[in-house]
$ cat start-v4.cif   # mmCIF, C-alpha atoms
data_model
loop_
_atom_site.group_PDB
_atom_site.id
_atom_site.type_symbol
_atom_site.label_atom_id
_atom_site.label_comp_id
_atom_site.auth_asym_id
_atom_site.auth_seq_id
_atom_site.Cartn_x
_atom_site.Cartn_y
_atom_site.Cartn_z
ATOM 1 C CA MET A 1400 26.316 13.342 -17.027
ATOM 2 C CA THR A 1401 26.846 11.494 -13.780
ATOM 3 C CA CYS A 1402 28.196 12.918 -10.530
ATOM 4 C CA LYS A 1403 31.866 13.018 -9.670
ATOM 5 C CA PRO A 1404 32.985 10.573 -6.955
ATOM 6 C CA ASP A 1405 33.101 13.494 -4.483
ATOM 7 C CA ASP A 1406 29.408 14.059 -5.076
ATOM 8 C CA HIS A 1407 28.487 10.429 -4.457
ATOM 9 C CA ARG A 1408 27.679 11.049 -0.790
ATOM 10 C CA HIS A 1409 25.328 13.844 -1.860
ATOM 11 C CA CYS A 1410 23.643 11.474 -4.348
ATOM 12 C CA LEU A 1411 23.122 8.910 -1.593
ATOM 13 C CA GLU A 1412 21.561 11.549 0.657
ATOM 14 C CA LEU A 1413 19.159 12.533 -2.093
ATOM 15 C CA PHE A 1414 18.547 8.893 -2.963
ATOM 16 C CA SER A 1415 17.077 8.357 0.496
ATOM 17 C CA LYS A 1416 14.577 11.170 -0.151
ATOM 18 C CA LEU A 1417 13.420 10.360 -3.674
ATOM 19 C CA SER A 1418 10.051 8.965 -2.614
ATOM 20 C CA GLU A 1419 9.319 12.057 -0.553
ATOM 21 C CA TYR A 1420 10.316 14.114 -3.584
ATOM 22 C CA ILE A 1421 7.972 12.127 -5.867
ATOM 23 C CA ASP A 1422 5.145 12.459 -3.331
ATOM 24 C CA ARG A 1423 5.886 16.161 -2.816
ATOM 25 C CA GLU A 1424 6.173 15.532 0.918
ATOM 26 C CA MET A 1425 9.177 17.753 1.598
ATOM 27 C CA ASP A 1426 9.716 21.448 2.029
ATOM 28 C CA GLU A 1427 10.264 23.818 -0.895
ATOM 29 C CA ALA A 1428 14.014 24.165 -0.313
ATOM 30 C CA GLU A 1429 14.547 20.399 -0.487
ATOM 31 C CA LEU A 1430 12.334 20.123 -3.571
ATOM 32 C CA ARG A 1431 14.376 22.803 -5.304
ATOM 33 C CA GLU A 1432 17.638 21.132 -4.286
ATOM 34 C CA ILE A 1433 16.586 17.860 -5.912
ATOM 35 C CA ASP A 1434 15.120 19.672 -8.946
ATOM 36 C CA ALA A 1435 18.538 21.247 -9.486
ATOM 37 C CA HIS A 1436 20.492 18.071 -8.801
ATOM 38 C CA ILE A 1437 18.648 15.863 -11.273
ATOM 39 C CA THR A 1438 19.294 18.267 -14.116
ATOM 40 C CA GLU A 1439 23.003 17.574 -13.594
ATOM 41 C CA CYS A 1440 23.152 13.950 -12.416
ATOM 42 C CA LEU A 1441 22.067 11.241 -14.833
ATOM 43 C CA ALA A 1442 22.355 8.492 -12.202
ATOM 44 C CA CYS A 1443 19.887 10.235 -9.896
ATOM 45 C CA LEU A 1444 17.604 11.182 -12.805
ATOM 46 C CA SER A 1445 17.600 7.550 -13.917
ATOM 47 C CA CYS A 1446 16.814 6.372 -10.411
ATOM 48 C CA LEU A 1447 14.032 8.934 -10.113
ATOM 49 C CA GLN A 1448 12.462 8.023 -13.457
ATOM 50 C CA SER A 1449 12.621 4.286 -12.826
ATOM 51 C CA LEU A 1450 11.159 4.742 -9.348
ATOM 52 C CA LYS A 1451 8.309 6.842 -10.763
ATOM 53 C CA GLN A 1452 7.665 4.183 -13.397
ATOM 54 C CA THR A 1453 7.637 1.479 -10.719
ATOM 55 C CA ILE A 1454 5.010 3.396 -8.727
ATOM 56 C CA ALA A 1455 2.942 3.987 -11.870
ATOM 57 C CA LEU A 1456 3.054 0.258 -12.656
ATOM 58 C CA CYS A 1457 1.953 -0.630 -9.110
ATOM 59 C CA LYS A 1458 -1.110 1.555 -9.609
ATOM 60 C CA GLN A 1459 -1.935 -0.452 -12.745
ATOM 61 C CA THR A 1460 -2.169 -3.845 -11.061
ATOM 62 C CA GLY A 1461 -5.970 -3.516 -11.293
ATOM 63 C CA LEU A 1462 -8.909 -5.050 -9.495
ATOM 64 C CA GLN A 1463 -9.725 -8.711 -9.957
ATOM 65 C CA PRO A 1464 -13.379 -9.733 -9.696
ATOM 66 C CA VAL A 1465 -14.322 -11.690 -6.581
ATOM 67 C CA PRO A 1466 -14.818 -15.349 -7.582
ATOM 68 C CA ALA A 1467 -18.572 -16.044 -7.631
ATOM 69 C CA VAL A 1468 -18.263 -19.094 -5.389
ATOM 70 C CA PHE A 1469 -16.345 -17.135 -2.776
ATOM 71 C CA SER A 1470 -18.782 -14.220 -2.938
ATOM 72 C CA GLN A 1471 -21.688 -16.612 -2.320
ATOM 73 C CA LYS A 1472 -19.791 -18.097 0.625
ATOM 74 C CA LEU A 1473 -19.285 -14.616 2.098
ATOM 75 C CA HIS A 1474 -22.934 -13.689 1.782
ATOM 76 C CA SER A 1475 -24.036 -17.003 3.361
ATOM 77 C CA MET A 1476 -21.648 -16.314 6.240
ATOM 78 C CA VAL A 1477 -23.208 -12.877 6.688
ATOM 79 C CA GLN A 1478 -26.733 -14.353 6.697
ATOM 80 C CA ASP A 1479 -25.650 -16.823 9.385
ATOM 81 C CA LEU A 1480 -24.196 -13.965 11.445
ATOM 82 C CA GLN A 1481 -27.434 -12.002 11.178
ATOM 83 C CA ARG A 1482 -29.500 -15.005 12.240
ATOM 84 C CA SER A 1483 -27.233 -15.618 15.240
ATOM 85 C CA ARG A 1484 -27.696 -12.069 16.538
ATOM 86 C CA MET B 112 -16.466 26.471 39.771
ATOM 87 C CA THR B 113 -18.026 24.854 36.751
ATOM 88 C CA ALA B 114 -17.022 21.400 35.583
ATOM 89 C CA GLU B 115 -15.047 21.396 32.363
ATOM 90 C CA THR B 116 -16.878 19.847 29.425
ATOM 91 C CA PRO B 117 -14.764 17.450 27.386
ATOM 92 C CA PRO B 118 -13.809 18.811 23.953
ATOM 93 C CA SER B 119 -16.286 17.610 21.350
ATOM 94 C CA ARG B 120 -14.735 15.065 19.013
ATOM 95 C CA LYS B 121 -14.671 15.817 15.333
ATOM 96 C CA THR B 122 -16.751 13.388 13.328
ATOM 97 C CA VAL B 123 -16.255 12.504 9.699
ATOM 98 C CA SER B 124 -19.125 12.036 7.323
ATOM 99 C CA ASP B 125 -18.852 10.327 3.946
ATOM 100 C CA ASP B 126 -20.795 8.058 1.570
ATOM 101 C CA ASP B 127 -20.727 5.206 4.105
ATOM 102 C CA THR B 128 -21.923 7.141 7.148
ATOM 103 C CA GLU B 129 -25.667 6.723 6.623
ATOM 104 C CA LEU B 130 -25.307 2.980 6.073
ATOM 105 C CA ILE B 131 -23.075 2.465 9.115
ATOM 106 C CA ARG B 132 -25.387 4.517 11.337
ATOM 107 C CA ALA B 133 -28.356 2.469 10.135
ATOM 108 C CA ILE B 134 -26.609 -0.846 10.872
ATOM 109 C CA ASN B 135 -25.503 0.413 14.279
ATOM 110 C CA ALA B 136 -29.061 1.579 14.990
ATOM 111 C CA GLY B 137 -30.218 -2.021 14.688
ATOM 112 C CA HIS B 138 -30.750 -2.514 10.970
ATOM 113 C CA ALA B 139 -28.434 -5.520 10.717
ATOM 114 C CA GLU B 140 -30.302 -6.514 7.555
ATOM 115 C CA ARG B 141 -28.288 -3.784 5.799
ATOM 116 C CA PHE B 142 -24.931 -5.389 6.618
ATOM 117 C CA PRO B 143 -24.949 -7.262 3.275
ATOM 118 C CA ASP B 144 -25.022 -3.831 1.543
ATOM 119 C CA LEU B 145 -21.743 -3.033 3.279
ATOM 120 C CA VAL B 146 -20.288 -6.378 2.219
ATOM 121 C CA ARG B 147 -21.310 -5.759 -1.405
ATOM 122 C CA ARG B 148 -19.746 -2.313 -1.255
ATOM 123 C CA TYR B 149 -16.346 -3.524 -0.048
ATOM 124 C CA GLU B 150 -15.953 -7.198 -0.916
ATOM 125 C CA GLN B 151 -14.018 -6.564 -4.121
ATOM 126 C CA LYS B 152 -11.630 -4.069 -2.530
ATOM 127 C CA LEU B 153 -11.041 -6.360 0.451
ATOM 128 C CA TYR B 154 -10.565 -9.374 -1.793
ATOM 129 C CA ASN B 155 -7.960 -7.550 -3.858
ATOM 130 C CA PHE B 156 -6.222 -6.266 -0.735
ATOM 131 C CA GLY B 157 -6.123 -9.871 0.465
ATOM 132 C CA ARG B 158 -4.795 -11.170 -2.860
ATOM 133 C CA ARG B 159 -1.993 -8.630 -2.814
ATOM 134 C CA MET B 160 -1.095 -9.356 0.782
ATOM 135 C CA CYS B 161 -1.283 -13.170 0.473
ATOM 136 C CA ARG B 162 0.381 -15.232 -2.229
ATOM 137 C CA ASN B 163 -1.979 -18.083 -1.466
ATOM 138 C CA GLU B 164 -5.572 -17.567 -2.627
ATOM 139 C CA SER B 165 -7.197 -19.418 0.268
ATOM 140 C CA ASP B 166 -5.231 -17.248 2.748
ATOM 141 C CA ALA B 167 -6.612 -14.189 0.961
ATOM 142 C CA GLU B 168 -10.149 -15.543 1.247
ATOM 143 C CA ASP B 169 -9.621 -16.287 4.959
ATOM 144 C CA LEU B 170 -8.411 -12.721 5.416
ATOM 145 C CA VAL B 171 -11.577 -11.305 3.824
ATOM 146 C CA GLN B 172 -13.850 -13.566 5.893
ATOM 147 C CA ASP B 173 -12.066 -12.847 9.171
ATOM 148 C CA THR B 174 -12.054 -9.123 8.449
ATOM 149 C CA LEU B 175 -15.797 -9.097 7.794
ATOM 150 C CA LEU B 176 -16.413 -11.168 10.929
ATOM 151 C CA ASN B 177 -14.454 -8.601 12.952
ATOM 152 C CA VAL B 178 -16.295 -5.722 11.281
ATOM 153 C CA PHE B 179 -19.624 -7.365 12.142
ATOM 154 C CA ARG B 180 -18.530 -7.849 15.752
ATOM 155 C CA TYR B 181 -16.969 -4.458 16.346
ATOM 156 C CA LEU B 182 -18.840 -2.059 14.059
ATOM 157 C CA ASN B 183 -20.714 -0.604 17.029
ATOM 158 C CA GLU B 184 -17.347 0.578 18.368
ATOM 159 C CA PHE B 185 -16.791 2.720 15.255
ATOM 160 C CA ARG B 186 -16.829 6.343 16.437
ATOM 161 C CA TYR B 187 -17.158 8.176 13.079
ATOM 162 C CA GLU B 188 -13.863 9.970 13.790
ATOM 163 C CA THR B 189 -12.320 8.721 10.571
ATOM 164 C CA LYS B 190 -13.671 7.575 7.228
ATOM 165 C CA PHE B 191 -15.262 4.138 7.554
ATOM 166 C CA LYS B 192 -12.978 2.881 4.766
ATOM 167 C CA ASN B 193 -9.907 3.762 6.860
ATOM 168 C CA TRP B 194 -11.344 1.947 9.882
ATOM 169 C CA LEU B 195 -12.151 -1.073 7.677
ATOM 170 C CA TYR B 196 -8.557 -1.241 6.401
ATOM 171 C CA ARG B 197 -7.315 -0.930 9.960
ATOM 172 C CA VAL B 198 -9.382 -4.003 10.848
ATOM 173 C CA ALA B 199 -8.139 -5.797 7.706
ATOM 174 C CA ALA B 200 -4.493 -4.878 8.389
ATOM 175 C CA ASN B 201 -4.713 -6.012 12.018
ATOM 176 C CA THR B 202 -6.387 -9.251 10.972
ATOM 177 C CA CYS B 203 -3.672 -9.856 8.410
ATOM 178 C CA LEU B 204 -0.731 -9.017 10.677
ATOM 179 C CA LYS B 205 -2.123 -11.106 13.573
ATOM 180 C CA LYS B 206 -2.561 -14.088 11.259
ATOM 181 C CA ARG B 207 1.033 -13.833 10.108
ATOM 182 C CA ARG B 208 2.365 -13.464 13.639
ATOM 183 C CA ARG B 209 0.603 -16.696 14.573
ATOM 184 C CA SER B 210 1.949 -18.612 11.593
ATOM 185 C CA LYS B 211 5.557 -17.357 11.473
ATOM 186 C CA PHE B 212 8.217 -17.385 14.102
ATOM 187 C CA ALA B 213 11.242 -16.103 12.185
ATOM 188 C CA PRO B 214 11.704 -12.328 12.334
ATOM 189 C CA GLU B 215 11.075 -10.573 9.048
ATOM 190 C CA PRO B 216 14.114 -9.394 7.102
ATOM 191 C CA GLU B 217 14.878 -5.680 6.996
ATOM 192 C CA LEU B 218 15.440 -3.952 3.660
ATOM 193 C CA SER B 219 18.615 -1.906 3.849
ATOM 194 C CA LEU B 220 18.869 1.359 1.984
ATOM 195 C CA GLU B 221 22.589 0.793 1.412
ATOM 196 C CA GLU B 222 21.916 -2.448 -0.440
ATOM 197 C CA LEU B 223 19.185 -0.859 -2.509
ATOM 198 C CA ALA B 224 21.428 2.084 -3.405
ATOM 199 C CA ARG B 225 23.703 0.243 -5.781
ATOM 200 C CA PRO B 226 26.225 2.499 -7.451
ATOM 201 C CA GLU B 227 26.566 0.512 -10.675
ATOM 202 C CA GLU B 228 24.232 2.796 -12.570
ATOM 203 C CA ALA B 229 26.506 5.752 -11.980
ATOM 204 C CA GLU B 230 29.401 3.953 -13.626
ATOM 205 C CA THR B 231 27.760 2.649 -16.773
ATOM 206 C CA LEU B 232 24.759 4.843 -17.404
ATOM 207 C CA GLU B 233 24.499 6.789 -20.626
ATOM 208 C CA GLN B 234 20.795 7.532 -20.500
ATOM 209 C CA VAL B 235 17.675 6.810 -18.472
ATOM 210 C CA PRO B 236 16.771 3.145 -19.194
ATOM 211 C CA GLU B 237 14.199 2.668 -21.922
ATOM 212 C CA TRP B 238 11.657 0.935 -19.641
ATOM 213 C CA ALA B 239 11.595 3.966 -17.368
ATOM 214 C CA ARG B 240 10.821 6.254 -20.300
ATOM 215 C CA MET B 241 8.205 4.194 -22.137
ATOM 216 C CA PRO B 242 4.484 5.031 -21.925
ATOM 217 C CA LEU B 243 2.755 2.648 -19.531
ATOM 218 C CA GLU B 244 0.362 1.330 -22.191
ATOM 219 C CA GLN B 245 3.326 0.122 -24.261
ATOM 220 C CA LEU B 246 4.945 -1.462 -21.256
ATOM 221 C CA LEU B 247 2.040 -3.302 -19.662
ATOM 222 C CA ASN B 248 1.379 -6.934 -20.413
ATOM 223 C CA GLU B 249 0.394 -10.058 -18.483
ATOM 224 C CA GLU B 250 3.975 -11.211 -17.984
ATOM 225 C CA LEU B 251 5.036 -7.872 -16.522
ATOM 226 C CA LEU B 252 2.045 -7.774 -14.176
ATOM 227 C CA GLU B 253 2.851 -11.317 -13.041
ATOM 228 C CA THR B 254 6.476 -10.281 -12.427
ATOM 229 C CA LEU B 255 5.289 -7.279 -10.445
ATOM 230 C CA ASN B 256 2.855 -9.340 -8.377
ATOM 231 C CA GLN B 257 5.605 -11.863 -7.610
ATOM 232 C CA ALA B 258 7.874 -8.989 -6.574
ATOM 233 C CA ILE B 259 5.158 -7.558 -4.311
ATOM 234 C CA TRP B 260 4.711 -10.964 -2.654
ATOM 235 C CA SER B 261 8.485 -11.170 -2.157
ATOM 236 C CA LEU B 262 8.507 -7.984 -0.093
ATOM 237 C CA PRO B 263 8.737 -8.549 3.659
ATOM 238 C CA GLU B 264 5.223 -8.058 4.994
ATOM 239 C CA LYS B 265 5.789 -4.843 6.937
ATOM 240 C CA TYR B 266 7.018 -3.153 3.737
ATOM 241 C CA ARG B 267 4.414 -4.814 1.518
ATOM 242 C CA ILE B 268 1.464 -3.597 3.557
ATOM 243 C CA VAL B 269 2.716 0.000 3.507
ATOM 244 C CA MET B 270 3.341 -0.110 -0.251
ATOM 245 C CA ILE B 271 -0.127 -1.566 -0.927
ATOM 246 C CA LEU B 272 -1.901 0.986 1.248
ATOM 247 C CA ARG B 273 0.021 3.928 -0.248
ATOM 248 C CA ASP B 274 0.593 3.043 -3.902
ATOM 249 C CA VAL B 275 -2.258 0.663 -4.692
ATOM 250 C CA GLU B 276 -5.058 1.704 -2.344
ATOM 251 C CA GLU B 277 -3.853 5.318 -2.501
ATOM 252 C CA PHE B 278 -4.194 6.214 1.167
ATOM 253 C CA SER B 279 -2.168 9.260 2.225
ATOM 254 C CA THR B 280 0.915 8.944 4.433
ATOM 255 C CA GLU B 281 -1.112 10.184 7.440
ATOM 256 C CA GLU B 282 -3.958 7.758 6.775
ATOM 257 C CA THR B 283 -1.548 4.847 6.319
ATOM 258 C CA ALA B 284 0.168 5.779 9.574
ATOM 259 C CA GLN B 285 -3.190 5.739 11.376
ATOM 260 C CA ILE B 286 -4.275 2.454 9.791
ATOM 261 C CA LEU B 287 -1.034 0.730 10.792
ATOM 262 C CA ASN B 288 -0.456 2.610 14.045
ATOM 263 C CA LEU B 289 2.953 3.813 12.838
ATOM 264 C CA SER B 290 4.500 7.263 12.721
ATOM 265 C CA PRO B 291 4.298 9.074 9.358
ATOM 266 C CA ALA B 292 8.120 9.057 9.277
ATOM 267 C CA ASN B 293 8.142 5.284 9.627
ATOM 268 C CA VAL B 294 5.589 4.944 6.826
ATOM 269 C CA LYS B 295 7.806 7.056 4.554
ATOM 270 C CA VAL B 296 10.902 4.988 5.308
ATOM 271 C CA ARG B 297 9.144 1.665 4.686
ATOM 272 C CA LEU B 298 7.456 2.942 1.538
ATOM 273 C CA HIS B 299 10.721 4.164 0.022
ATOM 274 C CA ARG B 300 12.475 0.857 0.683
ATOM 275 C CA ALA B 301 9.530 -1.117 -0.703
ATOM 276 C CA ARG B 302 9.498 0.969 -3.870
ATOM 277 C CA LEU B 303 13.269 0.589 -4.303
ATOM 278 C CA PHE B 304 12.981 -3.169 -3.836
ATOM 279 C CA LEU B 305 10.273 -3.375 -6.526
ATOM 280 C CA ARG B 306 12.265 -1.106 -8.822
ATOM 281 C CA ASP B 307 15.229 -3.438 -8.431
ATOM 282 C CA ARG B 308 13.095 -6.427 -9.423
ATOM 283 C CA LEU B 309 11.719 -4.580 -12.451
ATOM 284 C CA LYS B 310 15.239 -3.516 -13.438
ATOM 285 C CA GLY B 311 16.240 -7.175 -13.360
ATOM 286 C CA TYR B 312 13.228 -8.143 -15.484
ATOM 287 C CA PHE B 313 13.853 -5.468 -18.093
ATOM 288 C CA SER B 314 17.593 -6.078 -18.255
ATOM 289 C CA HIS B 315 16.762 -9.521 -19.648
ATOM 290 C CA ASP B 316 13.929 -8.435 -21.898
ATOM 291 C CA LEU B 317 14.917 -5.115 -23.420
#
$ encode --input "start-v4.cif" --output "structure tokens"
Amino acid sequence: MTCKPDDHRHCLELFSKLSEYIDREMDEAELREIDAHITECLACLSCLQSLKQTIALCKQTGLQPVPAVFSQKLHSMVQDLQRSR
Amino acid sequence: MTAETPPSRKTVSDDDTELIRAINAGHAERFPDLVRRYEQKLYNFGRRMCRNESDAEDLVQDTLLNVFRYLNEFRYETKFKNWLYRVAANTCLKKRRRSKFAPEPELSLEELARPEEAETLEQVPEWARMPLEQLLNEELLETLNQAIWSLPEKYRIVMILRDVEEFSTEETAQILNLSPANVKVRLHRARLFLRDRLKGYFSHDL
């Protein structure tokens, strides 16, 4: 179920804290308040789940290898720096 | 009356400490070991910060030049990796300041808090419930990378440091010389912006 219009302001307040909730960077009372709210508000639960999924996807963007040509260029630059010292 | 001795500064020791101390003690021949250790991370940081590949390569080169020049100023009061990212972030932000005159747009929480979900939602959207391995593909990663590049830089750099490089809020604040509260605000807006872009992508595809 979604919140009643009267609760919308409360949803917006919680909305501004969802990242802190996901990162567990808030005090216990606030954590419990959001825990309770999302069991009753589908809009906030949906926002929370989609935000969590977004963060999880960002962590999956992976490491690309350094192009060999560029790596060689970097190491030549470093050799030049060492010689100039 | 005795003179007060200054409080001793806490030093941090990690896997890089021995190498950095050796380089700073005059063993410059070990600098390439440091480059090998971090070139891939720096390159990927650069690629995420810069849409253009040659800008990313310039960022890596300039960062390493600055590290070479200023490594003897490293005081072992933080992890070397954090200091390195501070150099990289400063290099990146200075470059952008030189090349852009228009102020960066702000992301407003009100705009990112669209109420339409509340009116039409019957369940959590499928994409937000699916296992990552079923969701991930090249097209999605490309969409996500494009979305990351679309973020205004001050939000993008916070998101990359926190959610990709996995620095803590405190570490990110130190790297960027921001307050932890400011890091939290920028991170939340960046995440909401990316979520919005992904919502748009999945509303067409699912």
$ interface_residues --input "start-v4.cif" --of "chain A" --to "chain B" --cutoff "10 Å" --atoms "only C-alpha atoms" --output "count of residues only"
56
$ atom_distance --input "start-v4.cif" --atom1 "atom CA of B:Glu215" --atom2 "atom CA of A:Arg1408"
29.0 Å
$ resolve_selection --input "start-v4.cif" --expression "the PyMOL selection byres ((chain B and resi 190) around 9)" --output "JSON, numbers by chain"
{"B": [122, 123, 124, 125, 127, 128, 187, 188, 189, 191, 192, 193, 194, 195]}
$ atom_distance --input "start-v4.cif" --atom1 "atom CA of B:Phe278" --atom2 "atom CA of B:Phe313"
28.9 Å
$ atom_distance --input "start-v4.cif" --atom1 "atom CA of B:Gly311" --atom2 "atom CA of B:Thr254"
10.3 Å
$ axis_aligned_box --input "start-v4.cif" --around "stretch 230-246 of chain B" --padding-each-side "6 Å" --output "JSON"
{"center_x": 14.9, "center_y": 3.0, "center_z": -18.9, "size_x": 41.0, "size_y": 21.0, "size_z": 22.6}
$ resolve_selection --input "start-v4.cif" --expression "the PyMOL selection byres ((chain B and resi 265) around 12)" --output "mmCIF file with C-alpha atoms, in the frame of the given file"
data_model
loop_
_atom_site.group_PDB
_atom_site.id
_atom_site.type_symbol
_atom_site.label_atom_id
_atom_site.label_comp_id
_atom_site.auth_asym_id
_atom_site.auth_seq_id
_atom_site.Cartn_x
_atom_site.Cartn_y
_atom_site.Cartn_z
ATOM 1 C CA MET B 160 -1.095 -9.356 0.782
ATOM 2 C CA ALA B 200 -4.493 -4.878 8.389
ATOM 3 C CA ASN B 201 -4.713 -6.012 12.018
ATOM 4 C CA CYS B 203 -3.672 -9.856 8.410
ATOM 5 C CA LEU B 204 -0.731 -9.017 10.677
ATOM 6 C CA ARG B 207 1.033 -13.833 10.108
ATOM 7 C CA ARG B 208 2.365 -13.464 13.639
ATOM 8 C CA PRO B 214 11.704 -12.328 12.334
ATOM 9 C CA GLU B 215 11.075 -10.573 9.048
ATOM 10 C CA PRO B 216 14.114 -9.394 7.102
ATOM 11 C CA GLU B 217 14.878 -5.680 6.996
ATOM 12 C CA LEU B 218 15.440 -3.952 3.660
ATOM 13 C CA ILE B 259 5.158 -7.558 -4.311
ATOM 14 C CA TRP B 260 4.711 -10.964 -2.654
ATOM 15 C CA SER B 261 8.485 -11.170 -2.157
ATOM 16 C CA LEU B 262 8.507 -7.984 -0.093
ATOM 17 C CA PRO B 263 8.737 -8.549 3.659
ATOM 18 C CA GLU B 264 5.223 -8.058 4.994
ATOM 19 C CA TYR B 266 7.018 -3.153 3.737
ATOM 20 C CA ARG B 267 4.414 -4.814 1.518
ATOM 21 C CA ILE B 268 1.464 -3.597 3.557
ATOM 22 C CA VAL B 269 2.716 0.000 3.507
ATOM 23 C CA MET B 270 3.341 -0.110 -0.251
ATOM 24 C CA ILE B 271 -0.127 -1.566 -0.927
ATOM 25 C CA LEU B 272 -1.901 0.986 1.248
ATOM 26 C CA LEU B 287 -1.034 0.730 10.792
ATOM 27 C CA LEU B 289 2.953 3.813 12.838
ATOM 28 C CA ASN B 293 8.142 5.284 9.627
ATOM 29 C CA VAL B 294 5.589 4.944 6.826
ATOM 30 C CA VAL B 296 10.902 4.988 5.308
ATOM 31 C CA ARG B 297 9.144 1.665 4.686
ATOM 32 C CA LEU B 298 7.456 2.942 1.538
ATOM 33 C CA ARG B 300 12.475 0.857 0.683
ATOM 34 C CA ALA B 301 9.530 -1.117 -0.703
#
